[in-house]
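J.: Below is one structure. I have some questions about it.
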Amino acid sequence: MKPMLHAFWRAAVYCMHPRVIALSFLPLVLMVALSFGLGYFFWESTVASVTAWLETYGFVQGALGWLDRVGMGALRAVFAPLLVLVLATPVIVVLSLLLVALFMTPAMVELVGQRRFPAMERKQGGSLIVSVLWSLGSTLLALVALLVSMPLWLVPPLVLIVPPLIWGWLTYRVFAFDALAVHASAPERKALMREHRGTLLLMGILSGYLGAAPSLIWASGAMLIALAPLLIPVAIWIYTLVFAFASLWFAHFALAALERLRATTAVEILEAEPQADPGRIDPPPDGPGTPPFLPPSTSSGS
């Protein structure tokens with residue numbers, strides 16, 4: 001627990017580094033451009049499709065009718081847009097995480113390595129291609145889990161548990177791998193991820209809950225839908241900063257664990273080496289042309 005907390009505070013301090021703040025704008029610009037591009041071409045048709053889909057469910061119409069009777073009929077108009085934003089949030093989260101892993105994590109791991117572990121050997125245990133394939137495979141599994149678990153989101157307690165757990169698992173898988181890709185060999189990386197799996201997963205889950213914080217914007221009030229063009233960039237930047245912090249957290253923890261692993265391995269190797277006895281004289285080996293070893297004579301012959 002102490003190494004995890006130590007890495008936590010170091011990551012929080014590193015988040016204020018000008019280089020980290022500057023790097024966070026690239027994923028932000030890409031995500032905002034993508035969001036507004038998709039919104040421009042598909043927002044109205046998507047909202048219309050969701051509205052038509054909701055009209056096929058009697059219990060939804062009953063709930064909307066109840067809102068009309070209690071004088072809250074204005075919420076009917078924002079119900080479908082709010083649902084679209086809620087359904088789009090997991091995709092925004094996953095894409096933000098992948099962009100941080102692709103454009104920010106290598107530079108931040110390099111920053112941590114230069115400042116804290118300048119003498120650490122880099123064994124290049126994970127290439128860029130392997131890292132990308134690992135991230136894409138983990139992301140695919142996370143998206144499948146999100147789609148399968150969506151019916152559970154209708155249960156109020158589970159919507160606060162299931163998505164952050166899935167995002168946390170994805171965060172652990174992606175950032176733990178990338179933090180060790182350059183400095184650790186493949187056997188070292190596998191050993192560390194196996195040894196610290198519980199701690200790394202806990203770090204991922206906590207990061208997942210931090211990443212879920214911007215989603216509370218849409219739960220704050222339906223009237224915020226009108227401010228969506230302003231709030232979406234703010235939410236995306238918060239996602240970016242949260243995942244940047246998570247990446248730094250994993251980098252500090254993983255590289256410190258790698259340093260301890262190598263120190264322990266070096267001590268074990270030294271202890272396993274046989275120690276030479278300075279008072280011992282070994283006889284020369286017998287072989288062709290080598291006279292047999294004879295002890296010195298104690299007789300006093302001529």
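Every chain in the structure tokens has a letter given in the order shown (A, B, ...), and although residue numbers restart at 1 in each chain, ligands are simply numbered from 1 in the order shown.
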For Met31 (chain A), work out the shell of residues within 12 Å, counting only C-alpha atoms and skipping chain neighbours fewer than 6 positions away, then give it as an mmCIF file with all heavy atoms, in the first residue's frame.
T.:
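Written output follows (part_23.cif):
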data_model
loop_
_atom_site.group_PDB
_atom_site.id
_atom_site.type_symbol
_atom_site.label_atom_id
_atom_site.label_comp_id
_atom_site.auth_asym_id
_atom_site.auth_seq_id
_atom_site.Cartn_x
_atom_site.Cartn_y
_atom_site.Cartn_z
ATOM 1 N N SER A 24 -1.497 17.381 -22.757
ATOM 2 C CA SER A 24 -2.917 17.058 -22.598
ATOM 3 C C SER A 24 -3.789 17.745 -23.653
ATOM 4 O O SER A 24 -4.933 17.337 -23.863
ATOM 5 C CB SER A 24 -3.396 17.469 -21.201
ATOM 6 O OG SER A 24 -3.419 18.878 -21.056
ATOM 7 N N PHE A 25 -3.265 18.778 -24.320
ATOM 8 C CA PHE A 25 -4.090 19.494 -25.289
ATOM 9 C C PHE A 25 -4.249 18.735 -26.604
ATOM 10 O O PHE A 25 -5.245 18.938 -27.309
ATOM 11 C CB PHE A 25 -3.510 20.887 -25.541
ATOM 12 C CG PHE A 25 -3.762 21.849 -24.428
ATOM 13 C CD1 PHE A 25 -2.767 22.152 -23.514
ATOM 14 C CD2 PHE A 25 -5.003 22.437 -24.272
ATOM 15 C CE1 PHE A 25 -3.000 23.035 -22.476
ATOM 16 C CE2 PHE A 25 -5.251 23.318 -23.240
ATOM 17 C CZ PHE A 25 -4.245 23.623 -22.328
ATOM 18 N N GLY A 37 -17.543 16.931 -34.962
ATOM 19 C CA GLY A 37 -17.755 16.447 -36.319
ATOM 20 C C GLY A 37 -18.873 15.423 -36.380
ATOM 21 O O GLY A 37 -19.777 15.517 -37.234
ATOM 22 N N LEU A 38 -18.843 14.449 -35.465
ATOM 23 C CA LEU A 38 -19.912 13.451 -35.428
ATOM 24 C C LEU A 38 -21.240 14.086 -35.047
ATOM 25 O O LEU A 38 -22.299 13.709 -35.582
ATOM 26 C CB LEU A 38 -19.539 12.339 -34.436
ATOM 27 C CG LEU A 38 -18.348 11.465 -34.833
ATOM 28 C CD1 LEU A 38 -18.017 10.486 -33.710
ATOM 29 C CD2 LEU A 38 -18.631 10.711 -36.126
ATOM 30 N N GLY A 39 -21.202 15.060 -34.103
ATOM 31 C CA GLY A 39 -22.436 15.726 -33.715
ATOM 32 C C GLY A 39 -23.051 16.518 -34.850
ATOM 33 O O GLY A 39 -24.280 16.547 -35.007
ATOM 34 N N VAL A 91 -18.035 5.654 -24.890
ATOM 35 C CA VAL A 91 -17.182 5.729 -26.077
ATOM 36 C C VAL A 91 -16.187 6.878 -25.939
ATOM 37 O O VAL A 91 -14.998 6.735 -26.272
ATOM 38 C CB VAL A 91 -18.046 5.906 -27.339
ATOM 39 C CG1 VAL A 91 -17.165 6.018 -28.577
ATOM 40 C CG2 VAL A 91 -19.020 4.747 -27.480
ATOM 41 N N ILE A 92 -16.655 8.024 -25.425
ATOM 42 C CA ILE A 92 -15.766 9.164 -25.206
ATOM 43 C C ILE A 92 -14.675 8.803 -24.200
ATOM 44 O O ILE A 92 -13.499 9.140 -24.386
ATOM 45 C CB ILE A 92 -16.569 10.383 -24.731
ATOM 46 C CG1 ILE A 92 -17.512 10.862 -25.835
ATOM 47 C CG2 ILE A 92 -15.650 11.511 -24.299
ATOM 48 C CD1 ILE A 92 -18.434 11.990 -25.412
ATOM 49 N N VAL A 93 -15.040 8.097 -23.139
ATOM 50 C CA VAL A 93 -14.071 7.713 -22.116
ATOM 51 C C VAL A 93 -13.005 6.800 -22.712
ATOM 52 O O VAL A 93 -11.794 7.001 -22.510
ATOM 53 C CB VAL A 93 -14.781 7.026 -20.937
ATOM 54 C CG1 VAL A 93 -13.760 6.446 -19.969
ATOM 55 C CG2 VAL A 93 -15.679 8.010 -20.209
ATOM 56 N N VAL A 94 -13.437 5.775 -23.448
ATOM 57 C CA VAL A 94 -12.494 4.806 -24.001
ATOM 58 C C VAL A 94 -11.566 5.480 -25.017
ATOM 59 O O VAL A 94 -10.347 5.243 -25.023
ATOM 60 C CB VAL A 94 -13.255 3.627 -24.637
ATOM 61 C CG1 VAL A 94 -12.301 2.735 -25.423
ATOM 62 C CG2 VAL A 94 -13.958 2.814 -23.548
ATOM 63 N N LEU A 95 -12.122 6.317 -25.884
ATOM 64 C CA LEU A 95 -11.280 7.004 -26.867
ATOM 65 C C LEU A 95 -10.303 7.961 -26.191
ATOM 66 O O LEU A 95 -9.149 8.081 -26.621
ATOM 67 C CB LEU A 95 -12.162 7.763 -27.863
ATOM 68 C CG LEU A 95 -12.948 6.902 -28.856
ATOM 69 C CD1 LEU A 95 -13.804 7.777 -29.760
ATOM 70 C CD2 LEU A 95 -12.002 6.049 -29.707
ATOM 71 N N SER A 96 -10.742 8.640 -25.135
ATOM 72 C CA SER A 96 -9.829 9.524 -24.401
ATOM 73 C C SER A 96 -8.680 8.727 -23.798
ATOM 74 O O SER A 96 -7.516 9.153 -23.855
ATOM 75 C CB SER A 96 -10.588 10.268 -23.297
ATOM 76 O OG SER A 96 -11.615 11.086 -23.830
ATOM 77 N N LEU A 97 -8.993 7.570 -23.231
ATOM 78 C CA LEU A 97 -7.949 6.732 -22.651
ATOM 79 C C LEU A 97 -6.959 6.281 -23.713
ATOM 80 O O LEU A 97 -5.736 6.330 -23.500
ATOM 81 C CB LEU A 97 -8.596 5.521 -21.966
ATOM 82 C CG LEU A 97 -7.664 4.584 -21.182
ATOM 83 C CD1 LEU A 97 -8.434 3.964 -20.018
ATOM 84 C CD2 LEU A 97 -7.100 3.462 -22.052
ATOM 85 N N LEU A 98 -7.448 5.862 -24.867
ATOM 86 C CA LEU A 98 -6.556 5.390 -25.923
ATOM 87 C C LEU A 98 -5.687 6.523 -26.464
ATOM 88 O O LEU A 98 -4.494 6.313 -26.752
ATOM 89 C CB LEU A 98 -7.370 4.765 -27.062
ATOM 90 C CG LEU A 98 -8.021 3.422 -26.754
ATOM 91 C CD1 LEU A 98 -8.822 2.937 -27.961
ATOM 92 C CD2 LEU A 98 -6.967 2.383 -26.371
ATOM 93 N N LEU A 99 -6.249 7.714 -26.605
ATOM 94 C CA LEU A 99 -5.451 8.840 -27.090
ATOM 95 C C LEU A 99 -4.383 9.242 -26.079
ATOM 96 O O LEU A 99 -3.260 9.586 -26.461
ATOM 97 C CB LEU A 99 -6.368 10.028 -27.395
ATOM 98 C CG LEU A 99 -7.261 9.875 -28.631
ATOM 99 C CD1 LEU A 99 -8.188 11.080 -28.775
ATOM 100 C CD2 LEU A 99 -6.417 9.711 -29.895
ATOM 101 N N VAL A 100 -4.709 9.185 -24.801
ATOM 102 C CA VAL A 100 -3.701 9.463 -23.777
ATOM 103 C C VAL A 100 -2.601 8.412 -23.829
ATOM 104 O O VAL A 100 -1.400 8.738 -23.760
ATOM 105 C CB VAL A 100 -4.352 9.510 -22.382
ATOM 106 C CG1 VAL A 100 -3.287 9.510 -21.285
ATOM 107 C CG2 VAL A 100 -5.226 10.741 -22.239
ATOM 108 N N ILE A 232 -19.147 19.608 -23.163
ATOM 109 C CA ILE A 232 -18.473 18.439 -23.734
ATOM 110 C C ILE A 232 -16.957 18.642 -23.786
ATOM 111 O O ILE A 232 -16.199 17.762 -23.354
ATOM 112 C CB ILE A 232 -19.058 18.109 -25.121
ATOM 113 C CG1 ILE A 232 -20.446 17.486 -24.963
ATOM 114 C CG2 ILE A 232 -18.147 17.150 -25.884
ATOM 115 C CD1 ILE A 232 -21.129 17.172 -26.272
ATOM 116 N N PRO A 233 -16.437 19.780 -24.285
ATOM 117 C CA PRO A 233 -14.977 19.968 -24.233
ATOM 118 C C PRO A 233 -14.428 19.960 -22.810
ATOM 119 O O PRO A 233 -13.337 19.427 -22.571
ATOM 120 C CB PRO A 233 -14.770 21.328 -24.906
ATOM 121 C CG PRO A 233 -15.961 21.515 -25.771
ATOM 122 C CD PRO A 233 -17.095 20.873 -25.032
ATOM 123 N N VAL A 234 -15.186 20.549 -21.869
ATOM 124 C CA VAL A 234 -14.728 20.540 -20.480
ATOM 125 C C VAL A 234 -14.645 19.111 -19.955
ATOM 126 O O VAL A 234 -13.656 18.712 -19.315
ATOM 127 C CB VAL A 234 -15.669 21.382 -19.601
ATOM 128 C CG1 VAL A 234 -15.303 21.240 -18.128
ATOM 129 C CG2 VAL A 234 -15.614 22.841 -20.022
ATOM 130 N N ALA A 235 -15.684 18.301 -20.236
ATOM 131 C CA ALA A 235 -15.689 16.907 -19.785
ATOM 132 C C ALA A 235 -14.547 16.124 -20.420
ATOM 133 O O ALA A 235 -13.870 15.328 -19.748
ATOM 134 C CB ALA A 235 -17.035 16.254 -20.118
ATOM 135 N N ILE A 236 -14.288 16.348 -21.702
ATOM 136 C CA ILE A 236 -13.217 15.627 -22.390
ATOM 137 C C ILE A 236 -11.860 16.001 -21.803
ATOM 138 O O ILE A 236 -10.992 15.145 -21.623
ATOM 139 C CB ILE A 236 -13.265 15.918 -23.900
ATOM 140 C CG1 ILE A 236 -14.502 15.268 -24.520
ATOM 141 C CG2 ILE A 236 -12.010 15.409 -24.603
ATOM 142 C CD1 ILE A 236 -14.709 15.607 -25.980
ATOM 143 N N TRP A 237 -11.665 17.282 -21.491
ATOM 144 C CA TRP A 237 -10.373 17.677 -20.907
ATOM 145 C C TRP A 237 -10.196 17.063 -19.520
ATOM 146 O O TRP A 237 -9.101 16.661 -19.139
ATOM 147 C CB TRP A 237 -10.273 19.201 -20.844
ATOM 148 C CG TRP A 237 -8.851 19.659 -20.606
ATOM 149 C CD1 TRP A 237 -7.708 19.059 -21.031
ATOM 150 C CD2 TRP A 237 -8.433 20.796 -19.855
ATOM 151 N NE1 TRP A 237 -6.599 19.756 -20.628
ATOM 152 C CE2 TRP A 237 -7.021 20.832 -19.903
ATOM 153 C CE3 TRP A 237 -9.115 21.806 -19.177
ATOM 154 C CZ2 TRP A 237 -6.279 21.830 -19.281
ATOM 155 C CZ3 TRP A 237 -8.362 22.812 -18.565
ATOM 156 C CH2 TRP A 237 -6.964 22.820 -18.621
ATOM 157 N N ILE A 238 -11.294 16.971 -18.753
ATOM 158 C CA ILE A 238 -11.203 16.311 -17.445
ATOM 159 C C ILE A 238 -10.841 14.843 -17.632
ATOM 160 O O ILE A 238 -9.987 14.304 -16.904
ATOM 161 C CB ILE A 238 -12.528 16.458 -16.669
ATOM 162 C CG1 ILE A 238 -12.787 17.935 -16.340
ATOM 163 C CG2 ILE A 238 -12.484 15.648 -15.381
ATOM 164 C CD1 ILE A 238 -14.128 18.191 -15.690
ATOM 165 N N TYR A 239 -11.489 14.167 -18.597
ATOM 166 C CA TYR A 239 -11.113 12.781 -18.884
ATOM 167 C C TYR A 239 -9.630 12.685 -19.222
ATOM 168 O O TYR A 239 -8.915 11.789 -18.737
ATOM 169 C CB TYR A 239 -11.920 12.250 -20.080
ATOM 170 C CG TYR A 239 -13.366 11.976 -19.804
ATOM 171 C CD1 TYR A 239 -14.358 12.424 -20.670
ATOM 172 C CD2 TYR A 239 -13.761 11.257 -18.684
ATOM 173 C CE1 TYR A 239 -15.700 12.171 -20.436
ATOM 174 C CE2 TYR A 239 -15.099 10.999 -18.436
ATOM 175 C CZ TYR A 239 -16.066 11.460 -19.310
ATOM 176 O OH TYR A 239 -17.391 11.208 -19.075
ATOM 177 N N THR A 240 -9.155 13.600 -20.059
ATOM 178 C CA THR A 240 -7.754 13.563 -20.479
ATOM 179 C C THR A 240 -6.815 13.731 -19.293
ATOM 180 O O THR A 240 -5.832 12.989 -19.151
ATOM 181 C CB THR A 240 -7.498 14.669 -21.519
ATOM 182 O OG1 THR A 240 -8.363 14.483 -22.640
ATOM 183 C CG2 THR A 240 -6.056 14.626 -22.001
#
J.: DSSP on the backbone: what in region 12-203 of chain A comes out helix (DSSP H, G or I), as a PyMOL selection string?
T.: chain A and resi 12-14+18-23+25-54+58-69+75-103+105-116+128-154+156-159+162-180+186-195+197-203
J.: Quick one: of A:Val174, A:Leu192, A:Leu160, A:Leu180, who's nearest to Leu210 (chain A), counting only C-alpha atoms?
T.: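 Closest to Leu210 (chain A) of all the choices is A:Leu160.
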J.: Report as a compact mmCIF listing (two decimals) with C-alpha atoms, in the first residue's frame all protein, DNA and RNA residues lying within 9 Å of region 130-137 of chain A, evaluated on only C-alpha atoms, omitting residues in the same chain fewer than 4 positions from it.
T.:
# COMPACT_ATOMS: atom_id res chain seq x y z
CA LEU A 98 -6.56 5.39 -25.92
CA ALA A 101 -1.99 6.08 -24.03
CA LEU A 102 -0.90 6.77 -27.60
CA GLY A 126 7.36 -4.29 -25.56
CA LEU A 141 -13.00 -6.63 -24.52
CA ALA A 142 -13.97 -3.55 -22.48
CA LEU A 170 -9.09 -1.26 -19.07
CA ARG A 173 -4.43 -3.32 -18.67
CA VAL A 174 -3.31 -0.44 -20.90
CA PHE A 175 -1.25 1.74 -18.56
CA PHE A 177 1.72 -2.52 -19.95
CA ASP A 178 2.83 0.82 -21.39
CA ALA A 181 7.17 -1.52 -22.24
J.: Between A:Thr89, A:Ser247, A:Ser127, A:Ser35, which residue has the minimum interatomic distance to Pro164 (chain A), considering only C-alpha atoms?
T.: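 Looking at the shortest contact to Pro164 (chain A), the residue is A:Thr89.
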J.: Identify, on the basis of only C-alpha atoms, every residue whose closest approach to Phe8 (chain A) does not exceed 9 Å; exclude the query and any residue fewer than 6 positions from it along the same chain; express the result as a ChimeraX atom specification.
T.: /A:245-246,248-250,252-253
J.: Keeping only N, CA, C and O atoms, write those residues as a short mmCIF file (atom, residue, chain, number, x, y, z; two decimals), in the first residue's frame.
T.:
data_model
loop_
_atom_site.label_atom_id
_atom_site.label_comp_id
_atom_site.auth_asym_id
_atom_site.auth_seq_id
_atom_site.Cartn_x
_atom_site.Cartn_y
_atom_site.Cartn_z
N PHE A 245 -3.08 11.55 -15.32
CA PHE A 245 -2.68 11.26 -13.95
C PHE A 245 -2.54 9.75 -13.73
O PHE A 245 -1.58 9.29 -13.11
N ALA A 246 -3.50 8.97 -14.25
CA ALA A 246 -3.44 7.52 -14.09
C ALA A 246 -2.18 6.96 -14.75
O ALA A 246 -1.52 6.07 -14.20
N LEU A 248 0.69 8.49 -15.23
CA LEU A 248 1.83 8.84 -14.38
C LEU A 248 1.86 7.98 -13.12
O LEU A 248 2.93 7.57 -12.65
N TRP A 249 0.70 7.71 -12.57
CA TRP A 249 0.61 6.87 -11.37
C TRP A 249 1.17 5.48 -11.66
O TRP A 249 2.00 4.95 -10.90
N PHE A 250 0.75 4.89 -12.76
CA PHE A 250 1.25 3.57 -13.11
C PHE A 250 2.74 3.62 -13.44
O PHE A 250 3.47 2.67 -13.12
N HIS A 252 5.12 5.67 -12.20
CA HIS A 252 5.89 5.76 -10.96
C HIS A 252 5.88 4.43 -10.21
O HIS A 252 6.93 3.98 -9.72
N PHE A 253 4.71 3.82 -10.09
CA PHE A 253 4.62 2.57 -9.34
C PHE A 253 5.38 1.45 -10.05
O PHE A 253 6.16 0.71 -9.42
#
J.: Which residue out of A:Leu85, A:Val20, A:Val109, A:Ala176 has the minimum interatomic distance to Thr199 (chain A) when only C-alpha atoms are used?
T.: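 Looking only at the distances to Thr199 (chain A), the closest residue turns out to be A:Ala176.
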J.: Could you tell me how far CA of Val84 (chain A) lies from CA of Val155 (chain A), in Å and to one decimal?
T.: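 Spanning CA of Val84 (chain A) to CA of Val155 (chain A) is a straight-line distance of 17.9 Å.
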